[in-house]
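Content type compact mmCIF, C-alpha atoms, from the file structure12.txt:
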```txt
# COMPACT_ATOMS: atom_id res chain seq x y z
CA MET B 1 102.56 115.22 -129.35
CA LEU B 2 99.71 114.31 -127.05
CA ASN B 3 99.80 115.55 -123.50
CA HIS B 4 99.17 112.62 -121.16
CA THR B 5 99.38 114.63 -117.93
CA LEU B 6 96.77 113.33 -115.53
CA ALA B 7 94.30 115.77 -114.04
CA PRO B 8 94.67 116.17 -110.27
CA ILE B 9 92.33 114.06 -108.19
CA PRO B 10 89.84 116.37 -106.46
CA HIS B 11 90.11 116.51 -102.68
CA THR B 12 87.12 115.00 -100.89
CA PRO B 13 86.61 116.54 -97.46
CA PRO B 14 85.74 114.29 -94.52
CA LEU B 15 82.03 114.01 -93.92
CA VAL B 16 82.33 115.63 -90.49
CA GLU B 17 85.10 117.87 -89.19
CA LEU B 18 85.52 119.88 -86.01
CA ARG B 19 88.11 122.65 -86.17
CA GLY B 20 89.24 124.12 -82.88
CA VAL B 21 85.76 123.88 -81.36
CA SER B 22 84.98 125.17 -77.87
CA PHE B 23 81.59 125.12 -76.16
CA GLY B 24 80.24 125.53 -72.67
CA TYR B 25 77.42 126.82 -70.50
CA GLY B 26 78.30 130.05 -68.70
CA ASP B 27 81.58 129.50 -66.87
CA ARG B 28 81.38 125.74 -67.31
CA VAL B 29 83.54 124.57 -70.23
CA ILE B 30 82.29 121.35 -71.86
CA ILE B 31 84.78 121.02 -74.72
CA GLU B 32 87.77 123.22 -75.47
CA ASP B 33 89.76 123.53 -78.69
CA VAL B 34 88.67 120.13 -80.02
CA SER B 35 89.65 119.21 -83.57
CA LEU B 36 88.69 115.86 -85.10
CA THR B 37 87.64 114.36 -88.41
CA VAL B 38 85.13 111.63 -89.22
CA PRO B 39 86.17 110.07 -92.56
CA ARG B 40 83.50 108.93 -94.99
CA GLY B 41 82.45 105.31 -94.75
CA LYS B 42 84.17 104.67 -91.42
CA VAL B 43 82.99 103.82 -87.92
CA VAL B 44 84.45 106.35 -85.49
CA ALA B 45 83.97 105.87 -81.75
CA LEU B 46 83.85 108.69 -79.20
CA MET B 47 84.80 107.32 -75.80
CA GLY B 48 85.84 108.65 -72.43
CA THR B 49 84.65 109.40 -68.94
CA SER B 50 81.16 110.67 -68.19
CA GLY B 51 80.85 114.41 -68.67
CA GLY B 52 83.78 114.52 -71.07
CA GLY B 53 81.79 116.16 -73.88
CA LYS B 54 80.88 113.20 -76.10
CA THR B 55 77.15 113.85 -76.39
CA THR B 56 77.87 117.57 -76.77
CA VAL B 57 79.82 116.74 -79.92
CA LEU B 58 76.74 114.99 -81.32
CA ARG B 59 74.59 118.04 -80.49
CA LEU B 60 77.06 120.33 -82.24
CA ILE B 61 77.04 118.17 -85.36
CA GLY B 62 73.23 118.13 -85.38
CA GLY B 63 73.11 121.90 -85.01
CA GLN B 64 71.22 121.78 -81.70
CA VAL B 65 73.89 124.05 -80.22
CA LYS B 66 76.46 126.29 -81.89
CA PRO B 67 80.17 126.40 -81.05
CA GLN B 68 81.39 129.44 -79.16
CA LYS B 69 84.67 129.11 -80.98
CA GLY B 70 85.77 127.17 -84.08
CA GLN B 71 83.82 125.45 -86.83
CA VAL B 72 81.71 122.31 -87.18
CA LEU B 73 81.66 121.23 -90.83
CA PHE B 74 79.34 118.72 -92.47
CA ASP B 75 80.39 117.78 -96.00
CA GLY B 76 82.60 120.87 -96.02
CA VAL B 77 79.84 123.32 -94.98
CA ASP B 78 79.82 125.22 -91.67
CA ILE B 79 76.72 124.09 -89.77
CA ALA B 80 76.61 127.20 -87.57
CA ALA B 81 76.35 129.43 -90.67
CA MET B 82 73.23 127.67 -91.98
CA ASP B 83 69.78 129.21 -91.75
CA ARG B 84 66.87 127.13 -90.48
CA THR B 85 65.89 125.80 -93.92
CA GLU B 86 69.46 124.74 -94.70
CA LEU B 87 69.89 123.15 -91.28
CA TYR B 88 66.68 121.12 -91.62
CA ALA B 89 67.80 119.97 -95.07
CA ILE B 90 71.22 118.86 -93.81
CA ARG B 91 69.62 117.03 -90.87
CA ARG B 92 67.76 114.83 -93.34
CA ARG B 93 71.21 113.48 -94.25
CA MET B 94 71.76 112.45 -90.62
CA GLY B 95 70.25 109.58 -88.68
CA MET B 96 70.22 109.51 -84.88
CA LEU B 97 69.91 106.54 -82.56
CA PHE B 98 69.07 107.99 -79.17
CA GLN B 99 70.04 106.34 -75.91
CA PHE B 100 67.41 103.68 -75.05
CA GLY B 101 65.77 104.18 -78.47
CA ALA B 102 63.33 107.02 -77.68
CA LEU B 103 60.47 105.42 -79.61
CA PHE B 104 57.06 107.07 -79.77
CA THR B 105 55.17 104.97 -77.24
CA ASP B 106 51.74 105.55 -78.80
CA LEU B 107 52.86 104.48 -82.29
CA SER B 108 53.35 100.93 -83.52
CA VAL B 109 56.74 99.62 -84.61
CA PHE B 110 55.71 100.19 -88.23
CA ASP B 111 54.55 103.75 -87.62
CA ASN B 112 57.69 104.62 -85.65
CA VAL B 113 59.83 103.73 -88.64
CA ALA B 114 57.41 105.38 -91.08
CA PHE B 115 57.38 108.64 -89.10
CA PRO B 116 60.43 110.33 -90.74
CA LEU B 117 59.27 109.21 -94.20
CA ARG B 118 55.84 110.74 -93.67
CA GLU B 119 57.33 113.86 -92.11
CA HIS B 120 60.05 114.60 -94.66
CA THR B 121 58.91 113.07 -97.95
CA ARG B 122 55.86 113.05 -100.22
CA LEU B 123 56.03 109.35 -100.93
CA SER B 124 52.82 107.37 -101.33
CA GLU B 125 51.71 105.15 -98.47
CA GLU B 126 52.36 102.13 -100.66
CA MET B 127 55.98 103.19 -101.18
CA ILE B 128 56.37 104.03 -97.49
CA ARG B 129 55.06 100.58 -96.59
CA ASP B 130 57.67 98.88 -98.78
CA LEU B 131 60.50 101.06 -97.43
CA VAL B 132 59.49 100.48 -93.80
CA LEU B 133 59.37 96.71 -94.30
CA MET B 134 62.79 96.83 -95.96
CA LYS B 135 64.30 98.76 -93.04
CA LEU B 136 62.67 96.47 -90.49
CA ASP B 137 63.91 93.43 -92.39
CA ALA B 138 67.45 94.85 -92.29
CA VAL B 139 67.32 94.80 -88.49
CA GLY B 140 65.51 91.46 -88.29
CA LEU B 141 62.13 92.80 -87.14
CA ARG B 142 59.85 92.73 -90.19
CA GLY B 143 57.59 90.32 -88.30
CA ALA B 144 57.23 92.76 -85.39
CA ARG B 145 55.72 95.55 -87.50
CA ASP B 146 52.34 95.57 -85.73
CA LEU B 147 53.65 95.44 -82.15
CA MET B 148 53.67 98.45 -79.84
CA PRO B 149 56.91 99.61 -78.14
CA SER B 150 55.60 98.26 -74.82
CA GLN B 151 55.41 94.80 -76.38
CA VAL B 152 59.05 94.54 -77.47
CA SER B 153 62.20 93.95 -75.43
CA GLY B 154 64.84 96.60 -74.83
CA GLY B 155 67.10 95.10 -77.46
CA MET B 156 64.30 94.96 -80.01
CA ALA B 157 63.33 98.55 -79.24
CA ARG B 158 66.90 99.61 -79.98
CA ARG B 159 66.73 97.81 -83.33
CA VAL B 160 63.41 99.50 -84.17
CA ALA B 161 65.07 102.83 -83.40
CA LEU B 162 67.93 101.88 -85.70
CA ALA B 163 65.48 101.07 -88.51
CA ARG B 164 63.95 104.51 -87.97
CA ALA B 165 67.40 106.13 -88.02
CA ILE B 166 68.16 104.66 -91.46
CA ALA B 167 64.68 105.29 -92.91
CA LEU B 168 65.81 108.31 -94.97
CA ASP B 169 69.05 106.63 -96.12
CA PRO B 170 71.30 109.11 -94.28
CA ASP B 171 74.97 109.77 -95.00
CA LEU B 172 75.78 109.88 -91.27
CA ILE B 173 74.36 107.84 -88.40
CA MET B 174 75.08 109.01 -84.86
CA TYR B 175 74.68 106.55 -82.00
CA ASP B 176 74.36 107.79 -78.42
CA GLU B 177 75.20 104.87 -76.10
CA PRO B 178 73.72 102.15 -78.36
CA PHE B 179 74.75 99.34 -75.96
CA ALA B 180 73.49 100.84 -72.69
CA GLY B 181 71.21 98.53 -70.72
CA LEU B 182 71.40 95.61 -73.16
CA ASP B 183 72.07 91.97 -72.29
CA PRO B 184 75.15 90.35 -73.92
CA ILE B 185 73.13 88.81 -76.76
CA SER B 186 71.34 92.06 -77.65
CA MET B 187 74.60 93.96 -77.28
CA GLY B 188 76.34 91.67 -79.75
CA VAL B 189 73.43 91.94 -82.19
CA ALA B 190 73.48 95.74 -81.98
CA ALA B 191 77.24 95.89 -82.55
CA ARG B 192 77.08 93.61 -85.59
CA LEU B 193 74.20 95.64 -87.04
CA ILE B 194 76.15 98.89 -86.73
CA ARG B 195 79.09 97.38 -88.61
CA GLN B 196 76.99 95.57 -91.21
CA LEU B 197 74.76 98.55 -91.96
CA ASN B 198 77.80 100.80 -92.22
CA GLN B 199 79.21 98.56 -94.93
CA ALA B 200 75.97 97.65 -96.69
CA LEU B 201 74.61 101.20 -96.86
CA GLY B 202 77.95 102.94 -97.36
CA VAL B 203 77.23 105.31 -94.48
CA THR B 204 79.50 106.95 -91.95
CA SER B 205 78.96 106.10 -88.28
CA LEU B 206 79.81 108.06 -85.14
CA VAL B 207 79.36 105.97 -81.99
CA VAL B 208 79.35 107.38 -78.46
CA SER B 209 79.89 104.48 -76.09
CA HIS B 210 81.41 103.39 -72.79
CA ASP B 211 81.50 99.71 -73.75
CA VAL B 212 85.12 98.96 -74.62
CA ASP B 213 84.89 95.41 -75.96
CA GLU B 214 81.92 95.83 -78.31
CA THR B 215 83.03 99.25 -79.52
CA PHE B 216 86.60 98.17 -80.22
CA LEU B 217 85.28 95.25 -82.29
CA ILE B 218 83.46 97.51 -84.76
CA ALA B 219 85.36 100.83 -84.74
CA ASP B 220 87.90 101.87 -87.35
CA HIS B 221 89.10 104.79 -85.23
CA VAL B 222 88.68 105.67 -81.56
CA VAL B 223 88.77 109.16 -80.04
CA PHE B 224 89.07 109.51 -76.25
CA LEU B 225 87.62 112.70 -74.76
CA ALA B 226 88.48 113.75 -71.23
CA ASN B 227 88.07 117.05 -69.43
CA GLY B 228 86.74 118.62 -72.62
CA ARG B 229 89.77 117.77 -74.74
CA ILE B 230 91.02 114.90 -76.89
CA ALA B 231 93.20 112.78 -74.61
CA ALA B 232 94.18 110.18 -77.21
CA GLN B 233 93.07 108.73 -80.52
CA GLY B 234 93.97 105.91 -82.87
CA THR B 235 92.90 102.44 -83.95
CA PRO B 236 91.41 100.08 -81.35
CA ALA B 237 94.69 98.11 -81.37
CA GLU B 238 96.66 101.29 -80.70
CA MET B 239 94.35 102.23 -77.86
CA ARG B 240 94.75 98.81 -76.24
CA ALA B 241 98.54 99.13 -76.48
CA THR B 242 98.84 102.75 -75.36
CA ASP B 243 100.71 103.82 -72.24
CA ASP B 244 98.46 106.86 -71.73
CA PRO B 245 97.36 106.53 -68.06
CA LEU B 246 93.82 107.81 -68.64
CA VAL B 247 93.17 105.46 -71.56
CA ARG B 248 94.73 102.57 -69.63
CA GLN B 249 92.43 103.23 -66.67
CA PHE B 250 89.40 103.34 -68.98
CA VAL B 251 90.30 100.26 -71.04
CA ASP B 252 91.32 98.21 -68.01
CA ALA B 253 88.36 99.44 -65.90
CA GLU B 254 90.64 100.45 -63.03
CA GLY B 255 88.91 102.05 -60.07
CA ASP B 256 91.61 104.63 -59.44
CA GLY B 257 94.03 106.54 -61.62
CA PRO B 258 93.87 109.91 -63.36
CA VAL B 259 90.14 109.72 -62.61
CA ARG B 260 90.19 109.53 -58.81
CA PHE B 261 87.93 107.26 -56.78
CA HIS B 262 87.65 109.85 -54.00
CA TYR B 263 86.06 113.20 -54.74
CA PRO B 264 88.30 116.02 -53.40
CA ALA B 265 87.61 116.43 -49.66
CA ALA B 266 89.12 117.76 -46.48
CA ASP B 267 91.73 115.70 -44.66
CA VAL B 268 90.21 112.67 -42.91
CA ALA B 269 91.62 113.72 -39.55
CA GLU B 270 89.96 117.12 -39.91
CA ASP B 271 86.57 115.77 -41.01
CA PHE B 272 86.34 113.16 -38.22
CA ARG B 273 88.09 115.28 -35.54
CA LEU B 274 90.72 112.60 -35.09
CA PRO B 275 93.85 113.21 -33.03
CA GLY B 276 96.06 115.57 -34.99
CA GLY B 277 93.06 117.24 -36.57
CA ARG B 278 91.37 120.45 -35.58
CA PRO B 279 89.69 120.50 -32.18
```
Kindly present the structure from the file in structure tokens form.
Amino acid sequence: MLNHTLAPIPHTPPLVELRGVSFGYGDRVIIEDVSLTVPRGKVVALMGTSGGGKTTVLRLIGGQVKPQKGQVLFDGVDIAAMDRTELYAIRRRMGMLFQFGALFTDLSVFDNVAFPLREHTRLSEEMIRDLVLMKLDAVGLRGARDLMPSQVSGGMARRVALARAIALDPDLIMYDEPFAGLDPISMGVAARLIRQLNQALGVTSLVVSHDVDETFLIADHVVFLANGRIAAQGTPAEMRATDDPLVRQFVDAEGDGPVRFHYPAADVAEDFRLPGGRP
């Protein structure tokens, strides 16, 4: 008799995983005991108040800093345990869109996008030309190839930076405040590009953003960081419906709540020497 028992389906680890990660500078704790996963092929948003540790998470994933406690895994491998050669190899599987683009100001649009291809591959210039034009076409800027960064708008510069970020066909794209400083049209274009490229290229996206509306439109999962810890997480719909006071203050843009409007200070009567205060 034939045995028709099916072989077990192999477990595929998430592309990125943080396990009990803590990191800080001296006595200042940035993140503490943070655990999160970034599933393959999804758009995951990191949101929260300024100074909550969002950009630090990106730096940990890129291997710029090492956790003081816990593990940061990329494709199941501990990034902190890699030597320099291994780390540089794994970084070629990551694309990074820096806040405000961070283009090389003395290089043309074409050469900005070609830079990682020339730096990390041995492709011919003819092949690089075709790849650069393909990436620029994907972000709608093939016709701007010969312009300098000073000749393009802020929104266009962000799209050039996105074309550069996808030049090496990465598995993961990290976005640090991709909507900062953009007008509503450019913001909408950037948001649609993140979603469309995620689907078309089959990549995984990790988006650090403060913009609730645009981020909620494109994210599959949202993680709120506050005071170095995960305050809440879930789908955008779940985050809009949550009763968590910190998330509610953030989503509703309330001026006061768990994050206080007034920085801790002495009593008003004491500071202004009002009656009832100290002489």
- request: Name the residues in contact with range 18-32 of chain B at a cut-off of 6 Å, using all atoms listed in the file, excluding same-chain residues fewer than 2 positions from it; report them as a list in words.
  value: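 Answer for this query is Val34, Ser35, Leu36, Gly53, Pro67, Gln68, Lys69, Gly70, Gln71, Val72, Gly228 and Arg229 of chain B.
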If we count all atoms listed in the file and set the cut-off at 12 Å, which residues sit around Thr215 in chain B, ignoring sequence neighbours fewer than 6 positions away in its own chain? Please answer as a CSV table (one decimal) with C-alpha atoms, in the coordinates of the input.
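Writing done, so here's part.csv:
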```
chain,number,residue,atom,x,y,z
B,43,VAL,CA,83.0,103.8,-87.9
B,44,VAL,CA,84.4,106.4,-85.5
B,45,ALA,CA,84.0,105.9,-81.8
B,46,LEU,CA,83.8,108.7,-79.2
B,47,MET,CA,84.8,107.3,-75.8
B,175,TYR,CA,74.7,106.6,-82.0
B,177,GLU,CA,75.2,104.9,-76.1
B,178,PRO,CA,73.7,102.2,-78.4
B,179,PHE,CA,74.8,99.3,-76.0
B,180,ALA,CA,73.5,100.8,-72.7
B,187,MET,CA,74.6,94.0,-77.3
B,188,GLY,CA,76.3,91.7,-79.8
B,190,ALA,CA,73.5,95.7,-82.0
B,191,ALA,CA,77.2,95.9,-82.6
B,192,ARG,CA,77.1,93.6,-85.6
B,194,ILE,CA,76.2,98.9,-86.7
B,195,ARG,CA,79.1,97.4,-88.6
B,205,SER,CA,79.0,106.1,-88.3
B,206,LEU,CA,79.8,108.1,-85.1
B,207,VAL,CA,79.4,106.0,-82.0
B,208,VAL,CA,79.4,107.4,-78.5
B,209,SER,CA,79.9,104.5,-76.1
B,221,HIS,CA,89.1,104.8,-85.2
B,222,VAL,CA,88.7,105.7,-81.6
B,223,VAL,CA,88.8,109.2,-80.0
B,235,THR,CA,92.9,102.4,-84.0
B,236,PRO,CA,91.4,100.1,-81.4
B,237,ALA,CA,94.7,98.1,-81.4
B,239,MET,CA,94.4,102.2,-77.9
B,251,VAL,CA,90.3,100.3,-71.0
```
- request: Please provide the set of residues having any atom within 8 Å of range 138-149 of chain B, restricted to only C-alpha atoms, with same-chain residues fewer than 4 positions apart removed, written as an MDAnalysis selection string.
  value: chainID B and resid 103:110 133:134 156:157 159:160 162:163 193
task: Rounded to one decimal place, report the CA of Gly48 in chain B-CA of Leu246 in chain B distance in Å.
output: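 So the answer is 8.9 Å.
If all atoms listed in the file are the atoms counted, then among B:Leu217, B:Ala167, B:Ile61, B:Met174 the closest residue to Phe98 in chain B is B:Met174.
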Range 168-170 of chain B surroundings by all atoms listed in the file, 10 Å radius, close-in-sequence under 4 positions cut, as a CSV table (one decimal) with C-alpha atoms, in the coordinates of the input:
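Resulting contents of around-v3.csv:
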```
chain,number,residue,atom,x,y,z
B,90,ILE,CA,71.2,118.9,-93.8
B,91,ARG,CA,69.6,117.0,-90.9
B,92,ARG,CA,67.8,114.8,-93.3
B,93,ARG,CA,71.2,113.5,-94.2
B,94,MET,CA,71.8,112.4,-90.6
B,95,GLY,CA,70.2,109.6,-88.7
B,96,MET,CA,70.2,109.5,-84.9
B,113,VAL,CA,59.8,103.7,-88.6
B,114,ALA,CA,57.4,105.4,-91.1
B,116,PRO,CA,60.4,110.3,-90.7
B,117,LEU,CA,59.3,109.2,-94.2
B,120,HIS,CA,60.0,114.6,-94.7
B,121,THR,CA,58.9,113.1,-98.0
B,131,LEU,CA,60.5,101.1,-97.4
B,135,LYS,CA,64.3,98.8,-93.0
B,163,ALA,CA,65.5,101.1,-88.5
B,164,ARG,CA,64.0,104.5,-88.0
B,201,LEU,CA,74.6,101.2,-96.9
B,202,GLY,CA,78.0,102.9,-97.4
B,203,VAL,CA,77.2,105.3,-94.5
B,204,THR,CA,79.5,107.0,-92.0
```
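The interatomic distance for the pair CA of Phe74 in chain B and CA of Leu15 in chain B works out to 5.6 Å.
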query: Using all atoms listed in the file, which of B:Asn112, B:Ser150, B:Thr242, B:Asn227 sits nearest Ser50 in chain B?
result: B:Asn227
- prompt: In terms of the shortest atom-to-atom distance over all atoms listed in the file, which of B:Gly76, B:Ala231, B:Gln99, B:Lys54 is closest to Pro13 in chain B?
  reply: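 Among the listed residues, B:Gly76 lies closest to Pro13 in chain B.
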- prompt: Taking into account only C-alpha atoms, which residue in the set B:Pro14, B:Gly154, B:Pro39, B:Gly181 is nearest to Asp75 in chain B?
  reply: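 Using only C-alpha atoms, the shortest distance to Asp75 in chain B belongs to B:Pro14.
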query: Nearest to Leu73 in chain B among B:Asp220, B:Asp130, B:Glu17, B:Glu119, with distances taken over all atoms listed in the file: which residue is it?
result: B:Glu17
- prompt: What is the distance, in Å and to one decimal place, between CA of Leu182 in chain B and CA of Arg158 in chain B?
  reply: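 Going from CA of Leu182 in chain B over to CA of Arg158 in chain B covers 9.1 Å.
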Got a minute to add all heavy atoms to range 36-47 of chain B and dump it as a PDB file, keeping the file's coordinate frame?
```pdb
ATOM      1  N   LEU B  36      88.732 117.275 -84.702  1.00  0.00           N
ATOM      2  CA  LEU B  36      88.690 115.860 -85.100  1.00  0.00           C
ATOM      3  C   LEU B  36      87.999 115.729 -86.441  1.00  0.00           C
ATOM      4  O   LEU B  36      87.247 116.613 -86.856  1.00  0.00           O
ATOM      5  CB  LEU B  36      87.987 115.004 -84.041  1.00  0.00           C
ATOM      6  CG  LEU B  36      86.506 115.222 -83.741  1.00  0.00           C
ATOM      7  CD1 LEU B  36      85.630 114.393 -84.679  1.00  0.00           C
ATOM      8  CD2 LEU B  36      86.205 114.839 -82.296  1.00  0.00           C
ATOM      9  N   THR B  37      88.267 114.633 -87.127  1.00  0.00           N
ATOM     10  CA  THR B  37      87.640 114.360 -88.410  1.00  0.00           C
ATOM     11  C   THR B  37      86.957 112.995 -88.367  1.00  0.00           C
ATOM     12  O   THR B  37      87.420 112.083 -87.672  1.00  0.00           O
ATOM     13  CB  THR B  37      88.653 114.377 -89.563  1.00  0.00           C
ATOM     14  OG1 THR B  37      89.672 113.384 -89.326  1.00  0.00           O
ATOM     15  CG2 THR B  37      89.319 115.742 -89.685  1.00  0.00           C
ATOM     16  N   VAL B  38      85.857 112.895 -89.079  1.00  0.00           N
ATOM     17  CA  VAL B  38      85.130 111.630 -89.220  1.00  0.00           C
ATOM     18  C   VAL B  38      85.144 111.278 -90.705  1.00  0.00           C
ATOM     19  O   VAL B  38      84.362 111.827 -91.485  1.00  0.00           O
ATOM     20  CB  VAL B  38      83.684 111.752 -88.708  1.00  0.00           C
ATOM     21  CG1 VAL B  38      82.958 110.407 -88.831  1.00  0.00           C
ATOM     22  CG2 VAL B  38      83.663 112.236 -87.258  1.00  0.00           C
ATOM     23  N   PRO B  39      86.059 110.393 -91.139  1.00  0.00           N
ATOM     24  CA  PRO B  39      86.170 110.070 -92.560  1.00  0.00           C
ATOM     25  C   PRO B  39      84.916 109.375 -93.093  1.00  0.00           C
ATOM     26  O   PRO B  39      84.209 108.684 -92.358  1.00  0.00           O
ATOM     27  CB  PRO B  39      87.381 109.126 -92.617  1.00  0.00           C
ATOM     28  CG  PRO B  39      88.105 109.340 -91.321  1.00  0.00           C
ATOM     29  CD  PRO B  39      87.059 109.688 -90.328  1.00  0.00           C
ATOM     30  N   ARG B  40      84.661 109.556 -94.363  1.00  0.00           N
ATOM     31  CA  ARG B  40      83.500 108.930 -94.990  1.00  0.00           C
ATOM     32  C   ARG B  40      83.621 107.403 -94.980  1.00  0.00           C
ATOM     33  O   ARG B  40      84.686 106.853 -95.230  1.00  0.00           O
ATOM     34  CB  ARG B  40      83.371 109.411 -96.438  1.00  0.00           C
ATOM     35  CG  ARG B  40      83.109 110.905 -96.564  1.00  0.00           C
ATOM     36  CD  ARG B  40      83.240 111.376 -98.011  1.00  0.00           C
ATOM     37  NE  ARG B  40      83.202 112.831 -98.080  1.00  0.00           N
ATOM     38  CZ  ARG B  40      82.095 113.550 -98.228  1.00  0.00           C
ATOM     39  NH1 ARG B  40      80.935 112.941 -98.336  1.00  0.00           N
ATOM     40  NH2 ARG B  40      82.140 114.865 -98.261  1.00  0.00           N
ATOM     41  N   GLY B  41      82.509 106.764 -94.684  1.00  0.00           N
ATOM     42  CA  GLY B  41      82.450 105.310 -94.750  1.00  0.00           C
ATOM     43  C   GLY B  41      83.076 104.576 -93.588  1.00  0.00           C
ATOM     44  O   GLY B  41      83.144 103.351 -93.603  1.00  0.00           O
ATOM     45  N   LYS B  42      83.511 105.294 -92.558  1.00  0.00           N
ATOM     46  CA  LYS B  42      84.170 104.670 -91.420  1.00  0.00           C
ATOM     47  C   LYS B  42      83.276 104.671 -90.189  1.00  0.00           C
ATOM     48  O   LYS B  42      82.312 105.422 -90.093  1.00  0.00           O
ATOM     49  CB  LYS B  42      85.482 105.400 -91.092  1.00  0.00           C
ATOM     50  CG  LYS B  42      86.481 105.424 -92.239  1.00  0.00           C
ATOM     51  CD  LYS B  42      86.949 104.034 -92.618  1.00  0.00           C
ATOM     52  CE  LYS B  42      88.010 104.080 -93.706  1.00  0.00           C
ATOM     53  NZ  LYS B  42      88.472 102.713 -94.097  1.00  0.00           N
ATOM     54  N   VAL B  43      83.631 103.816 -89.232  1.00  0.00           N
ATOM     55  CA  VAL B  43      82.990 103.820 -87.920  1.00  0.00           C
ATOM     56  C   VAL B  43      83.970 104.462 -86.948  1.00  0.00           C
ATOM     57  O   VAL B  43      85.049 103.923 -86.696  1.00  0.00           O
ATOM     58  CB  VAL B  43      82.640 102.393 -87.443  1.00  0.00           C
ATOM     59  CG1 VAL B  43      82.044 102.441 -86.036  1.00  0.00           C
ATOM     60  CG2 VAL B  43      81.670 101.730 -88.408  1.00  0.00           C
ATOM     61  N   VAL B  44      83.606 105.621 -86.441  1.00  0.00           N
ATOM     62  CA  VAL B  44      84.450 106.350 -85.490  1.00  0.00           C
ATOM     63  C   VAL B  44      83.769 106.328 -84.138  1.00  0.00           C
ATOM     64  O   VAL B  44      82.577 106.643 -84.025  1.00  0.00           O
ATOM     65  CB  VAL B  44      84.696 107.802 -85.955  1.00  0.00           C
ATOM     66  CG1 VAL B  44      85.480 108.583 -84.897  1.00  0.00           C
ATOM     67  CG2 VAL B  44      85.452 107.812 -87.279  1.00  0.00           C
ATOM     68  N   ALA B  45      84.516 105.949 -83.105  1.00  0.00           N
ATOM     69  CA  ALA B  45      83.970 105.870 -81.750  1.00  0.00           C
ATOM     70  C   ALA B  45      84.449 107.052 -80.921  1.00  0.00           C
ATOM     71  O   ALA B  45      85.638 107.399 -80.955  1.00  0.00           O
ATOM     72  CB  ALA B  45      84.385 104.568 -81.087  1.00  0.00           C
ATOM     73  N   LEU B  46      83.526 107.667 -80.191  1.00  0.00           N
ATOM     74  CA  LEU B  46      83.850 108.690 -79.200  1.00  0.00           C
ATOM     75  C   LEU B  46      83.718 108.048 -77.830  1.00  0.00           C
ATOM     76  O   LEU B  46      82.625 107.619 -77.447  1.00  0.00           O
ATOM     77  CB  LEU B  46      82.904 109.879 -79.308  1.00  0.00           C
ATOM     78  CG  LEU B  46      83.178 110.947 -80.372  1.00  0.00           C
ATOM     79  CD1 LEU B  46      82.099 112.026 -80.298  1.00  0.00           C
ATOM     80  CD2 LEU B  46      84.550 111.561 -80.204  1.00  0.00           C
ATOM     81  N   MET B  47      84.810 107.971 -77.099  1.00  0.00           N
ATOM     82  CA  MET B  47      84.800 107.320 -75.800  1.00  0.00           C
ATOM     83  C   MET B  47      85.419 108.238 -74.767  1.00  0.00           C
ATOM     84  O   MET B  47      86.016 109.268 -75.098  1.00  0.00           O
ATOM     85  CB  MET B  47      85.544 105.976 -75.866  1.00  0.00           C
ATOM     86  CG  MET B  47      85.076 105.049 -76.967  1.00  0.00           C
ATOM     87  SD  MET B  47      85.726 103.374 -76.842  1.00  0.00           S
ATOM     88  CE  MET B  47      84.708 102.719 -75.526  1.00  0.00           C
TER      89      MET B  47
END
```
